[in-house]
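Following: one structure in structure tokens, then a few remarks.
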Amino acid sequence: MTSFTDQPRSKRATALRSLRLLTLRDLKVRYSTSLLGYLWSILDPLAMSLIYWFIFTQMMQRSIGETPYIVFLLCAMLPWMWFNGAVSDSSRAFLRDVKLVRSVALPRWIWVARIVCSKGIEFLLSLPVLALFAIFNGAEVNWRLALYPLAIVMMAALVLGVGLILAPLVVFFRDLERATKLILRVLFYASPVIYGIGDLPDAVAPFAWANPLSGIFALFRAGFFPDQLNWTLVGTSAAITTAILLVGMLVFRRSVGGVLKEL
């Protein structure tokens with residue numbers, strides 16, 4: 001018989017097992033009918049990066065980013081695809097599996113966390129592409145590559161926080177799903193993906209500092225481009241990410257009861 005003190009631990013273990021199973025289920029369902037499988041998660045950011053590389057290096061004189069530019073692009077494009085995909089899917093976290101959400105007795109945050117994890121795994125599986133381009137283009141690696149785990153943790157926390165806000169609100173306001181896709185399109189160009197924060201004019205730079213992705217992308221790039229690392233920027237992004245996560249937890253906790261009634 002499980003003692004009272006063991007119950008919280010047992011619940012956590014059950015929740016983690018369920019999270020793992022749902023994450024694997026998401027990945028299997030997503031690629032079960034695809035010939036190329038997970039390669040599609042690599043082809044999308046790679047194609048976008050090659051397009052921007054061609055435009056800024058072959059069609060016009062580039063004045064942004066660093067050399068090799070394709071590596072500079074991929075360092076931010078790959079985590080952007082994680083952010084973009086997870087936030088977009090989180091807007092339907094409850095709506096895509098209504099019957100399961102209603103019937104399965106699991107912590108409701110798992111339905112958001114499984115999306116964060118599955119998209120995060122896709123990101124990790126795409127890293128060999130970055131490594132190959134870095135090798136073939138002669139990109140220099142430095143000790144700051146060890147900051148990658150910190151960047152991954154910050155990105156996961158940011159995506160989870162945004163997802164915890166979006167998932168329940170979309171149930172009440174369905175138009176928010178379409179608005180999210182529009183905002184993500186604008187946010188791509190408002191984030192230092194095809195450029196670095198140092199490339200921005202002084203009048204625009206403060207807005208970039210308010211974007212938590214700026215410091216996260218700086219961490220992802222630091223292993224190849226040390227000049228991109230700005231610890232003040234990273235600290236600002238960490239503070240904003242923490243605030244978003246806390247707000248997400250609060251919004252989710254207060255709204256999840258109403259979500260179950262609305263579904």
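Naming scheme: A, B, ... for chains in displayed order of the structure tokens; residues 1 onward per chain; ligands 1 onward as shown.
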Can I get the residues of range 57-106 of chain A within 10 Å of range 215-221 of chain A, each with the closest pair of atoms and their distance in Å to one decimal, using only C-alpha atoms, sorted chain first then ascending number, as a Markdown table?
```
| residue | atom | partner | partner_atom | distance |
| --- | --- | --- | --- | --- |
| A:Val71 | CA | A:Arg221 | CA | 8.8 |
| A:Phe72 | CA | A:Arg221 | CA | 6.9 |
| A:Leu73 | CA | A:Arg221 | CA | 9.1 |
| A:Leu74 | CA | A:Arg221 | CA | 9.0 |
| A:Cys75 | CA | A:Arg221 | CA | 5.5 |
| A:Ala76 | CA | A:Phe217 | CA | 5.5 |
| A:Met77 | CA | A:Phe217 | CA | 9.0 |
| A:Leu78 | CA | A:Phe220 | CA | 9.7 |
| A:Pro79 | CA | A:Phe217 | CA | 7.8 |
| A:Trp80 | CA | A:Phe217 | CA | 8.6 |
```
Those of range 14-263 of chain A in DSSP alpha helix (DSSP H), formatted as a PyMOL selection string: chain A and resi 14-31+40-54+69-90+98-103+110-136+148-172+175-190+205-209+212-222+231-262
One-decimal distance in Å that lies between CA of Val170 in chain A and CA of Val98 in chain A: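 Rounded to one decimal, the two atoms are 13.2 Å apart.
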Pull the closest atom pair for each residue of range 215-237 of chain A that gets at most 12 Å from range 198-210 of chain A, along with the distance in Å to one decimal, counting only C-alpha atoms, ordering rows by chain and then ascending residue number, as a Markdown table.
```
| residue | atom | partner | partner_atom | distance |
| --- | --- | --- | --- | --- |
| A:Gly215 | CA | A:Trp209 | CA | 7.9 |
| A:Ile216 | CA | A:Trp209 | CA | 11.1 |
| A:Phe217 | CA | A:Ala208 | CA | 11.6 |
| A:Ala218 | CA | A:Gly198 | CA | 10.5 |
| A:Asp227 | CA | A:Gly198 | CA | 9.2 |
| A:Gln228 | CA | A:Gly198 | CA | 7.7 |
| A:Leu229 | CA | A:Gly198 | CA | 10.2 |
| A:Asn230 | CA | A:Gly198 | CA | 10.0 |
| A:Trp231 | CA | A:Trp209 | CA | 11.9 |
| A:Thr232 | CA | A:Trp209 | CA | 9.6 |
| A:Leu233 | CA | A:Trp209 | CA | 6.6 |
| A:Val234 | CA | A:Trp209 | CA | 9.3 |
| A:Gly235 | CA | A:Trp209 | CA | 10.3 |
| A:Thr236 | CA | A:Trp209 | CA | 7.3 |
| A:Ser237 | CA | A:Ala210 | CA | 7.6 |
```
Counting only C-alpha atoms, give me one row per residue of range 56-163 of chain A with an atom at most 12 Å from an atom of range 239-245 of chain A, showing the shortest contact pair and its distance in Å to one decimal, sorted by chain then residue number, as JSON lines.
```
{"residue": "A:Ala151", "atom": "CA", "partner": "A:Thr241", "partner_atom": "CA", "distance": 11.5}
{"residue": "A:Val153", "atom": "CA", "partner": "A:Thr241", "partner_atom": "CA", "distance": 10.5}
{"residue": "A:Met154", "atom": "CA", "partner": "A:Thr241", "partner_atom": "CA", "distance": 7.1}
{"residue": "A:Met155", "atom": "CA", "partner": "A:Thr241", "partner_atom": "CA", "distance": 8.4}
{"residue": "A:Ala156", "atom": "CA", "partner": "A:Thr241", "partner_atom": "CA", "distance": 9.7}
{"residue": "A:Ala157", "atom": "CA", "partner": "A:Leu245", "partner_atom": "CA", "distance": 6.4}
{"residue": "A:Leu158", "atom": "CA", "partner": "A:Thr241", "partner_atom": "CA", "distance": 5.2}
{"residue": "A:Val159", "atom": "CA", "partner": "A:Leu245", "partner_atom": "CA", "distance": 8.4}
{"residue": "A:Leu160", "atom": "CA", "partner": "A:Leu245", "partner_atom": "CA", "distance": 6.8}
{"residue": "A:Gly161", "atom": "CA", "partner": "A:Leu245", "partner_atom": "CA", "distance": 3.8}
{"residue": "A:Val162", "atom": "CA", "partner": "A:Ile244", "partner_atom": "CA", "distance": 6.7}
{"residue": "A:Gly163", "atom": "CA", "partner": "A:Leu245", "partner_atom": "CA", "distance": 9.2}
```
Near-Ala131 in chain A list (12 Å; only C-alpha atoms; drop same-chain fewer than 4 positions) as JSON, numbers by chain: {"A": [70, 71, 72, 74, 75, 78, 124, 125, 126, 127, 135, 136, 137, 138, 139, 140, 141, 145, 223, 224]}
Separation of CA of Asn84 in chain A from CA of Arg144 in chain A, in Å and rounded to one decimal: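 Separating CA of Asn84 in chain A from CA of Arg144 in chain A is a distance of 25.1 Å.
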Surrounding residues of Lys261 in chain A excluding itself and chain neighbours under 4 positions, 10 Å, only C-alpha atoms, as a list of chain:residue names: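 Once the nearby chain positions are removed, what remains is A:Arg102, A:Val256, A:Gly257.
Counting only C-alpha atoms and comparing A:Phe133, A:Trp82, A:Phe54, A:Trp143, the residue that lies closest to Ile115 in chain A is A:Trp82.
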Which of A:Ser118, A:Ser214, A:Thr14, A:Ser255 sits closest to Tyr195 in chain A [using only C-alpha atoms]: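 Once distances to Tyr195 in chain A are computed over only C-alpha atoms, the minimum belongs to A:Ser214.
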Gap from CA of Ala179 in chain A to CA of Ile110 in chain A - Å, one decimal: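 Pair CA of Ala179 in chain A / CA of Ile110 in chain A returns 23.8 Å.
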Nearby residues (only C-alpha atoms) at most 10 Å from Leu166 in chain A, same-chain spacing under 5 positions excluded, as an NGL selection string: :A and (87-93 or 112 or 160-161 or 171 or 173 or 176-177 or 180 or 248 or 251-252)
Among listed residues A:Val29, A:Ile55, A:Leu21, A:Leu182, nearest Tyr69 in chain A (using only C-alpha atoms): A:Ile55
